[in-house]
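K.L.:
My structure is in structure_22.pdb, and what it holds is PDB, N, CA and C atoms:
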```pdb
ATOM      1  N   MET A  10     -77.761   4.543  -0.014
ATOM      2  CA  MET A  10     -77.580   3.304   0.723
ATOM      3  C   MET A  10     -77.499   2.110  -0.242
ATOM      4  N   ILE A  11     -78.278   2.146  -1.306
ATOM      5  CA  ILE A  11     -78.290   1.027  -2.262
ATOM      6  C   ILE A  11     -76.906   0.839  -2.877
ATOM      7  N   GLU A  12     -76.242   1.931  -3.226
ATOM      8  CA  GLU A  12     -74.910   1.833  -3.828
ATOM      9  C   GLU A  12     -73.900   1.265  -2.827
ATOM     10  N   ILE A  13     -74.026   1.617  -1.560
ATOM     11  CA  ILE A  13     -73.144   1.059  -0.532
ATOM     12  C   ILE A  13     -73.356  -0.450  -0.425
ATOM     13  N   ILE A  14     -74.612  -0.874  -0.417
ATOM     14  CA  ILE A  14     -74.922  -2.309  -0.359
ATOM     15  C   ILE A  14     -74.318  -3.020  -1.567
ATOM     16  N   ASN A  15     -74.456  -2.424  -2.759
ATOM     17  CA  ASN A  15     -73.909  -3.048  -3.971
ATOM     18  C   ASN A  15     -72.385  -3.153  -3.913
ATOM     19  N   GLN A  16     -71.720  -2.127  -3.416
ATOM     20  CA  GLN A  16     -70.264  -2.149  -3.340
ATOM     21  C   GLN A  16     -69.776  -3.193  -2.333
ATOM     22  N   ILE A  17     -70.438  -3.299  -1.198
ATOM     23  CA  ILE A  17     -70.074  -4.310  -0.190
ATOM     24  C   ILE A  17     -70.316  -5.705  -0.760
ATOM     25  N   PHE A  18     -71.441  -5.885  -1.475
ATOM     26  CA  PHE A  18     -71.749  -7.171  -2.093
ATOM     27  C   PHE A  18     -70.660  -7.544  -3.104
ATOM     28  N   ALA A  19     -70.251  -6.593  -3.939
ATOM     29  CA  ALA A  19     -69.214  -6.851  -4.946
ATOM     30  C   ALA A  19     -67.885  -7.196  -4.288
ATOM     31  N   LEU A  20     -67.534  -6.490  -3.233
ATOM     32  CA  LEU A  20     -66.290  -6.764  -2.516
ATOM     33  C   LEU A  20     -66.301  -8.161  -1.913
ATOM     34  N   GLU A  21     -67.415  -8.517  -1.279
ATOM     35  CA  GLU A  21     -67.528  -9.855  -0.681
ATOM     36  C   GLU A  21     -67.435 -10.937  -1.761
ATOM     37  N   SER A  22     -68.096 -10.720  -2.902
ATOM     38  CA  SER A  22     -68.062 -11.698  -3.993
ATOM     39  C   SER A  22     -66.644 -11.891  -4.527
ATOM     40  N   LYS A  23     -65.912 -10.792  -4.683
ATOM     41  CA  LYS A  23     -64.536 -10.886  -5.187
ATOM     42  C   LYS A  23     -63.641 -11.635  -4.210
ATOM     43  N   LEU A  24     -63.797 -11.356  -2.928
ATOM     44  CA  LEU A  24     -62.986 -12.061  -1.933
ATOM     45  C   LEU A  24     -63.300 -13.552  -1.914
ATOM     46  N   GLN A  25     -64.584 -13.901  -2.008
ATOM     47  CA  GLN A  25     -64.966 -15.316  -2.034
ATOM     48  C   GLN A  25     -64.428 -15.997  -3.277
ATOM     49  N   LYS A  26     -64.487 -15.307  -4.418
ATOM     50  CA  LYS A  26     -63.985 -15.868  -5.673
ATOM     51  C   LYS A  26     -62.492 -16.168  -5.580
ATOM     52  N   ASN A  27     -61.758 -15.330  -4.861
ATOM     53  CA  ASN A  27     -60.316 -15.515  -4.701
ATOM     54  C   ASN A  27     -59.957 -16.426  -3.539
ATOM     55  N   GLY A  28     -60.969 -17.014  -2.904
ATOM     56  CA  GLY A  28     -60.721 -17.960  -1.830
ATOM     57  C   GLY A  28     -60.368 -17.326  -0.497
ATOM     58  N   VAL A  29     -60.649 -16.060  -0.347
ATOM     59  CA  VAL A  29     -60.354 -15.370   0.909
ATOM     60  C   VAL A  29     -61.627 -15.342   1.743
ATOM     61  N   ASP A  30     -61.603 -16.030   2.886
ATOM     62  CA  ASP A  30     -62.801 -16.046   3.724
ATOM     63  C   ASP A  30     -62.530 -15.531   5.135
ATOM     64  N   ASP A  31     -61.393 -14.868   5.299
ATOM     65  CA  ASP A  31     -61.030 -14.321   6.607
ATOM     66  C   ASP A  31     -61.978 -13.215   7.068
ATOM     67  N   TYR A  32     -62.722 -12.661   6.157
ATOM     68  CA  TYR A  32     -63.552 -11.507   6.451
ATOM     69  C   TYR A  32     -65.029 -11.841   6.630
ATOM     70  N   SER A  33     -65.379 -13.104   6.647
ATOM     71  CA  SER A  33     -66.796 -13.475   6.698
ATOM     72  C   SER A  33     -67.489 -12.914   7.936
ATOM     73  N   ARG A  34     -66.800 -12.879   9.056
ATOM     74  CA  ARG A  34     -67.396 -12.329  10.274
ATOM     75  C   ARG A  34     -67.720 -10.842  10.095
ATOM     76  N   ASN A  35     -66.816 -10.116   9.443
ATOM     77  CA  ASN A  35     -67.042  -8.700   9.193
ATOM     78  C   ASN A  35     -68.238  -8.478   8.262
ATOM     79  N   PHE A  36     -68.332  -9.306   7.216
ATOM     80  CA  PHE A  36     -69.460  -9.168   6.292
ATOM     81  C   PHE A  36     -70.775  -9.550   6.967
ATOM     82  N   ASP A  37     -70.734 -10.515   7.871
ATOM     83  CA  ASP A  37     -71.937 -10.868   8.632
ATOM     84  C   ASP A  37     -72.391  -9.696   9.490
ATOM     85  N   ARG A  38     -71.447  -8.992  10.077
ATOM     86  CA  ARG A  38     -71.786  -7.818  10.894
ATOM     87  C   ARG A  38     -72.385  -6.701  10.038
ATOM     88  N   ILE A  39     -71.811  -6.492   8.874
ATOM     89  CA  ILE A  39     -72.344  -5.471   7.965
ATOM     90  C   ILE A  39     -73.759  -5.841   7.539
ATOM     91  N   ALA A  40     -73.981  -7.117   7.198
ATOM     92  CA  ALA A  40     -75.319  -7.583   6.814
ATOM     93  C   ALA A  40     -76.313  -7.355   7.950
ATOM     94  N   ASN A  41     -75.882  -7.571   9.172
ATOM     95  CA  ASN A  41     -76.745  -7.341  10.324
ATOM     96  C   ASN A  41     -77.097  -5.850  10.459
ATOM     97  N   GLU A  42     -76.141  -4.984  10.182
ATOM     98  CA  GLU A  42     -76.407  -3.541  10.220
ATOM     99  C   GLU A  42     -77.412  -3.140   9.142
ATOM    100  N   PHE A  43     -77.316  -3.748   7.961
ATOM    101  CA  PHE A  43     -78.309  -3.470   6.921
ATOM    102  C   PHE A  43     -79.705  -3.862   7.393
ATOM    103  N   LYS A  44     -79.802  -5.009   8.068
ATOM    104  CA  LYS A  44     -81.095  -5.438   8.616
ATOM    105  C   LYS A  44     -81.613  -4.436   9.633
ATOM    106  N   ASN A  45     -80.701  -3.926  10.476
ATOM    107  CA  ASN A  45     -81.099  -2.931  11.473
ATOM    108  C   ASN A  45     -81.584  -1.637  10.826
ATOM    109  N   LEU A  46     -81.109  -1.366   9.607
ATOM    110  CA  LEU A  46     -81.549  -0.193   8.859
ATOM    111  C   LEU A  46     -82.745  -0.502   7.962
ATOM    112  N   ASN A  47     -83.350  -1.683   8.172
ATOM    113  CA  ASN A  47     -84.562  -2.116   7.464
ATOM    114  C   ASN A  47     -84.336  -2.490   5.997
ATOM    115  N   TYR A  48     -83.139  -2.969   5.684
ATOM    116  CA  TYR A  48     -82.877  -3.482   4.339
ATOM    117  C   TYR A  48     -82.685  -4.991   4.423
ATOM    118  N   HIS A  49     -83.310  -5.688   3.482
ATOM    119  CA  HIS A  49     -83.159  -7.136   3.392
ATOM    120  C   HIS A  49     -82.449  -7.420   2.068
ATOM    121  N   VAL A  50     -81.224  -7.931   2.153
ATOM    122  CA  VAL A  50     -80.389  -8.176   0.973
ATOM    123  C   VAL A  50     -80.359  -9.674   0.710
ATOM    124  N   ILE A  51     -80.688 -10.053  -0.539
ATOM    125  CA  ILE A  51     -80.763 -11.470  -0.898
ATOM    126  C   ILE A  51     -79.784 -11.776  -2.025
ATOM    127  N   ASN A  52     -78.958 -12.782  -1.808
ATOM    128  CA  ASN A  52     -78.061 -13.301  -2.838
ATOM    129  C   ASN A  52     -78.698 -14.591  -3.361
ATOM    130  N   PRO A  53     -79.294 -14.562  -4.565
ATOM    131  CA  PRO A  53     -80.018 -15.739  -5.060
ATOM    132  C   PRO A  53     -79.152 -16.791  -5.766
ATOM    133  N   ILE A  54     -77.850 -16.736  -5.610
ATOM    134  CA  ILE A  54     -76.982 -17.683  -6.321
ATOM    135  C   ILE A  54     -77.346 -19.131  -5.973
ATOM    136  N   GLY A  55     -77.369 -19.975  -6.998
ATOM    137  CA  GLY A  55     -77.667 -21.387  -6.814
ATOM    138  C   GLY A  55     -79.144 -21.729  -6.799
ATOM    139  N   LYS A  56     -80.002 -20.723  -6.768
ATOM    140  CA  LYS A  56     -81.439 -21.001  -6.733
ATOM    141  C   LYS A  56     -81.946 -21.329  -8.128
ATOM    142  N   PRO A  57     -82.972 -22.174  -8.213
ATOM    143  CA  PRO A  57     -83.578 -22.459  -9.517
ATOM    144  C   PRO A  57     -84.182 -21.186 -10.101
ATOM    145  N   TYR A  58     -84.084 -21.033 -11.408
ATOM    146  CA  TYR A  58     -84.639 -19.856 -12.071
ATOM    147  C   TYR A  58     -85.946 -20.221 -12.766
ATOM    148  N   ARG A  59     -86.926 -19.345 -12.607
ATOM    149  CA  ARG A  59     -88.216 -19.482 -13.289
ATOM    150  C   ARG A  59     -88.539 -18.159 -13.976
ATOM    151  N   ASN A  60     -89.183 -18.216 -15.117
ATOM    152  CA  ASN A  60     -89.578 -17.006 -15.845
ATOM    153  C   ASN A  60     -90.486 -16.104 -15.025
ATOM    154  N   GLU A  61     -91.187 -16.667 -14.052
ATOM    155  CA  GLU A  61     -92.146 -15.903 -13.256
ATOM    156  C   GLU A  61     -91.483 -15.026 -12.201
ATOM    157  N   MET A  62     -90.195 -15.151 -12.011
ATOM    158  CA  MET A  62     -89.507 -14.383 -10.972
ATOM    159  C   MET A  62     -89.547 -12.902 -11.334
ATOM    160  N   THR A  63     -90.061 -12.089 -10.425
ATOM    161  CA  THR A  63     -90.180 -10.656 -10.687
ATOM    162  C   THR A  63     -89.114  -9.834  -9.978
ATOM    163  N   ASP A  64     -88.312 -10.465  -9.142
ATOM    164  CA  ASP A  64     -87.314  -9.711  -8.387
ATOM    165  C   ASP A  64     -85.901  -9.832  -8.952
ATOM    166  N   VAL A  65     -85.772 -10.433 -10.154
ATOM    167  CA  VAL A  65     -84.466 -10.515 -10.807
ATOM    168  C   VAL A  65     -84.597 -10.212 -12.295
ATOM    169  N   GLU A  66     -83.518  -9.664 -12.847
ATOM    170  CA  GLU A  66     -83.372  -9.514 -14.291
ATOM    171  C   GLU A  66     -82.270 -10.472 -14.692
ATOM    172  N   ALA A  67     -82.581 -11.382 -15.606
ATOM    173  CA  ALA A  67     -81.646 -12.457 -15.921
ATOM    174  C   ALA A  67     -81.135 -12.401 -17.347
ATOM    175  N   SER A  68     -79.851 -12.719 -17.487
ATOM    176  CA  SER A  68     -79.259 -13.028 -18.781
ATOM    177  C   SER A  68     -79.143 -14.536 -18.802
ATOM    178  N   ILE A  69     -79.721 -15.138 -19.833
ATOM    179  CA  ILE A  69     -79.776 -16.597 -19.872
ATOM    180  C   ILE A  69     -78.750 -17.124 -20.857
ATOM    181  N   SER A  70     -77.894 -18.012 -20.364
ATOM    182  CA  SER A  70     -76.870 -18.646 -21.170
ATOM    183  C   SER A  70     -77.336 -20.061 -21.492
ATOM    184  N   GLY A  71     -77.503 -20.351 -22.771
ATOM    185  CA  GLY A  71     -77.979 -21.677 -23.173
ATOM    186  C   GLY A  71     -79.494 -21.723 -23.209
ATOM    187  N   ASP A  72     -80.033 -22.929 -23.156
ATOM    188  CA  ASP A  72     -81.477 -23.129 -23.222
ATOM    189  C   ASP A  72     -82.074 -23.082 -21.817
ATOM    190  N   LEU A  73     -83.171 -22.370 -21.686
ATOM    191  CA  LEU A  73     -83.873 -22.302 -20.411
ATOM    192  C   LEU A  73     -84.715 -23.562 -20.247
ATOM    193  N   ASN A  74     -84.522 -24.246 -19.118
ATOM    194  CA  ASN A  74     -85.313 -25.431 -18.835
ATOM    195  C   ASN A  74     -85.565 -25.515 -17.337
ATOM    196  N   LYS A  75     -86.219 -26.571 -16.902
ATOM    197  CA  LYS A  75     -86.592 -26.677 -15.487
ATOM    198  C   LYS A  75     -85.384 -26.840 -14.564
ATOM    199  N   ASN A  76     -84.223 -27.169 -15.108
ATOM    200  CA  ASN A  76     -83.009 -27.320 -14.295
ATOM    201  C   ASN A  76     -82.124 -26.082 -14.299
ATOM    202  N   SER A  77     -82.579 -25.003 -14.949
ATOM    203  CA  SER A  77     -81.780 -23.782 -15.015
ATOM    204  C   SER A  77     -81.636 -23.165 -13.630
ATOM    205  N   LYS A  78     -80.410 -22.736 -13.331
ATOM    206  CA  LYS A  78     -80.112 -22.152 -12.019
ATOM    207  C   LYS A  78     -79.399 -20.825 -12.185
ATOM    208  N   ILE A  79     -79.483 -20.023 -11.157
ATOM    209  CA  ILE A  79     -78.746 -18.765 -11.118
ATOM    210  C   ILE A  79     -77.303 -19.112 -10.762
ATOM    211  N   THR A  80     -76.385 -18.810 -11.693
ATOM    212  CA  THR A  80     -74.990 -19.196 -11.495
ATOM    213  C   THR A  80     -74.089 -18.025 -11.126
ATOM    214  N   LYS A  81     -74.547 -16.812 -11.378
ATOM    215  CA  LYS A  81     -73.749 -15.643 -11.026
ATOM    216  C   LYS A  81     -74.698 -14.502 -10.673
ATOM    217  N   VAL A  82     -74.338 -13.756  -9.632
ATOM    218  CA  VAL A  82     -75.143 -12.614  -9.201
ATOM    219  C   VAL A  82     -74.288 -11.365  -9.325
ATOM    220  N   LEU A  83     -74.697 -10.451 -10.200
ATOM    221  CA  LEU A  83     -73.962  -9.206 -10.381
ATOM    222  C   LEU A  83     -74.420  -8.146  -9.379
ATOM    223  N   LYS A  84     -75.714  -8.145  -9.078
ATOM    224  CA  LYS A  84     -76.280  -7.259  -8.059
ATOM    225  C   LYS A  84     -77.314  -8.057  -7.276
ATOM    226  N   PRO A  85     -77.345  -7.875  -5.960
ATOM    227  CA  PRO A  85     -78.294  -8.627  -5.135
ATOM    228  C   PRO A  85     -79.702  -8.041  -5.226
ATOM    229  N   VAL A  86     -80.667  -8.810  -4.769
ATOM    230  CA  VAL A  86     -82.040  -8.336  -4.620
ATOM    231  C   VAL A  86     -82.081  -7.573  -3.298
ATOM    232  N   ILE A  87     -82.663  -6.368  -3.330
ATOM    233  CA  ILE A  87     -82.733  -5.566  -2.106
ATOM    234  C   ILE A  87     -84.173  -5.138  -1.856
ATOM    235  N   TYR A  88     -84.639  -5.451  -0.647
ATOM    236  CA  TYR A  88     -85.958  -5.018  -0.188
ATOM    237  C   TYR A  88     -85.773  -4.035   0.953
ATOM    238  N   GLU A  89     -86.695  -3.078   1.052
ATOM    239  CA  GLU A  89     -86.720  -2.169   2.196
ATOM    240  C   GLU A  89     -87.991  -2.455   2.973
ATOM    241  N   ILE A  90     -87.855  -2.574   4.282
ATOM    242  CA  ILE A  90     -88.983  -2.917   5.140
ATOM    243  C   ILE A  90     -89.360  -1.686   5.958
ATOM    244  N   ASN A  91     -90.598  -1.220   5.788
ATOM    245  CA  ASN A  91     -91.128  -0.086   6.550
ATOM    246  C   ASN A  91     -92.380  -0.544   7.275
ATOM    247  N   GLY A  92     -92.225  -0.833   8.545
ATOM    248  CA  GLY A  92     -93.365  -1.334   9.321
ATOM    249  C   GLY A  92     -93.800  -2.678   8.787
ATOM    250  N   SER A  93     -95.042  -2.736   8.322
ATOM    251  CA  SER A  93     -95.563  -3.991   7.772
ATOM    252  C   SER A  93     -95.446  -4.052   6.253
ATOM    253  N   GLU A  94     -94.888  -3.001   5.638
ATOM    254  CA  GLU A  94     -94.723  -2.964   4.183
ATOM    255  C   GLU A  94     -93.309  -3.352   3.773
ATOM    256  N   THR A  95     -93.208  -4.162   2.735
ATOM    257  CA  THR A  95     -91.928  -4.537   2.159
ATOM    258  C   THR A  95     -91.931  -4.087   0.708
ATOM    259  N   SER A  96     -90.915  -3.313   0.335
ATOM    260  CA  SER A  96     -90.826  -2.780  -1.023
ATOM    261  C   SER A  96     -89.550  -3.261  -1.693
ATOM    262  N   LEU A  97     -89.670  -3.666  -2.937
ATOM    263  CA  LEU A  97     -88.506  -4.031  -3.733
ATOM    264  C   LEU A  97     -87.832  -2.735  -4.179
ATOM    265  N   VAL A  98     -86.591  -2.509  -3.766
ATOM    266  CA  VAL A  98     -85.884  -1.295  -4.160
ATOM    267  C   VAL A  98     -84.846  -1.550  -5.239
ATOM    268  N   GLN A  99     -84.441  -2.823  -5.396
ATOM    269  CA  GLN A  99     -83.530  -3.172  -6.477
ATOM    270  C   GLN A  99     -83.736  -4.614  -6.896
ATOM    271  N   LYS A 100     -83.957  -4.805  -8.197
ATOM    272  CA  LYS A 100     -83.999  -6.165  -8.728
ATOM    273  C   LYS A 100     -82.579  -6.702  -8.798
ATOM    274  N   GLY A 101     -82.452  -7.993  -8.567
ATOM    275  CA  GLY A 101     -81.150  -8.624  -8.715
ATOM    276  C   GLY A 101     -80.796  -8.741 -10.189
ATOM    277  N   ILE A 102     -79.532  -8.615 -10.501
ATOM    278  CA  ILE A 102     -79.032  -8.810 -11.854
ATOM    279  C   ILE A 102     -78.260 -10.126 -11.822
ATOM    280  N   VAL A 103     -78.736 -11.116 -12.595
ATOM    281  CA  VAL A 103     -78.184 -12.467 -12.498
ATOM    282  C   VAL A 103     -77.898 -13.085 -13.864
ATOM    283  N   ILE A 104     -77.076 -14.113 -13.827
ATOM    284  CA  ILE A 104     -76.815 -14.928 -15.019
ATOM    285  C   ILE A 104     -77.331 -16.326 -14.725
ATOM    286  N   VAL A 105     -78.071 -16.858 -15.668
ATOM    287  CA  VAL A 105     -78.723 -18.168 -15.515
ATOM    288  C   VAL A 105     -78.145 -19.128 -16.543
ATOM    289  N   GLU A 106     -77.834 -20.340 -16.082
ATOM    290  CA  GLU A 106     -77.358 -21.394 -16.994
ATOM    291  C   GLU A 106     -78.169 -22.644 -16.777
TER     292      GLU A 106
END
```
Starting from the file, give its structure as structure tokens.

P.N.:
Amino acid sequence: MIEIINQIFALESKLQKNGVDDYSRNFDRIANEFKNLNYHVINPIGKPYRNEMTDVEASISGDLNKNSKITKVLKPVIYEINGSETSLVQKGIVIVE
């Protein structure tokens, strides 16, 4: 399931990069199905980056400072929810500038 989530995420990212947004409704439906299967997928793009973040692995471009942000997401953060337990199943792979 994780590989399917990664492939859908990559496809959506490529379409957005090329300015194609005709499929956003379809991707929203797929995201909803992932939620129904107890997966929580997070795209952290644009969020401030801190060294304390444990759910991402970052490649840092330039100097790390308080204004550093996640500028590219290669793989999303994926959590699996089982009842009241939430488990990190994949760290996000990101680029920080």

K.L.:
Please compute the atom C of His49 in chain A-atom C of Glu66 in chain A distance, one decimal, in Å.

P.N.:
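Straight-line distance from atom C of His49 in chain A to atom C of Glu66 in chain A works out to 17.0 Å.
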
K.L.:
Selection in question (the file shown): the PyMOL selection byres (((chain A and resi 43 and name CA) around 12) and name CA). Which residues does it include, as a VMD selection string?

P.N.:
chain A and resid 10 to 11 13 to 15 17 to 18 36 to 42 44 to 51 87 to 90

K.L.:
From the options A:Ser77, A:Asn52, A:Lys26, A:Val65, which residue's atoms come nearest to Gln99 in chain A, counting all atoms listed in the file?

P.N.:
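Distance minimum relative to Gln99 in chain A lands on A:Val65.
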
K.L.:
So that I can check the secondary structure, give me every residue of chain A assigned strand (DSSP E) by backbone DSSP, as a PyMOL selection string.

P.N.:
chain A and resi 48-51+65-69+79-84+86-91+94-99+101-105

K.L.:
Report the distance between atom C of Arg34 in chain A and CA of Ser22 in chain A in Å, rounded to one decimal place.

P.N.:
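Result for atom C of Arg34 in chain A versus CA of Ser22 in chain A: 14.1 Å, one decimal.
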
K.L.:
Go through A:Asp30, A:Glu106, A:Glu61, A:Glu94 one by one, measure the shortest atom-to-atom distance of each to Ile79 in chain A using only C-alpha atoms, and give the residue with the smallest value.

P.N.:
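Closest residue, counting only C-alpha atoms: A:Glu106.
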
K.L.:
Evaluate the PyMOL selection byres (((chain A and resi 56 and name CA) around 6) and name CA) on the structure here and hand back the selected residues as a ChimeraX atom specification.

P.N.:
/A:53-55,57,78-79

K.L.:
So the first atom is CA of Lys75 in chain A and the second is CA of Met62 in chain A; what is the distance between them in Å, to one decimal place?

P.N.:
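It comes out at 13.4 Å.
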
K.L.:
Let me have the centre and edge lengths in Å, one decimal, of the box along x, y and z around every listed atom of range 70-88 of chain A with 3 Å of margin on each side, as AutoDock Vina command-line options.

P.N.:
```
--center_x -80.2 --center_y -15.7 --center_z -11.1 --size_x 18.8 --size_y 29.3 --size_z 30.2
```
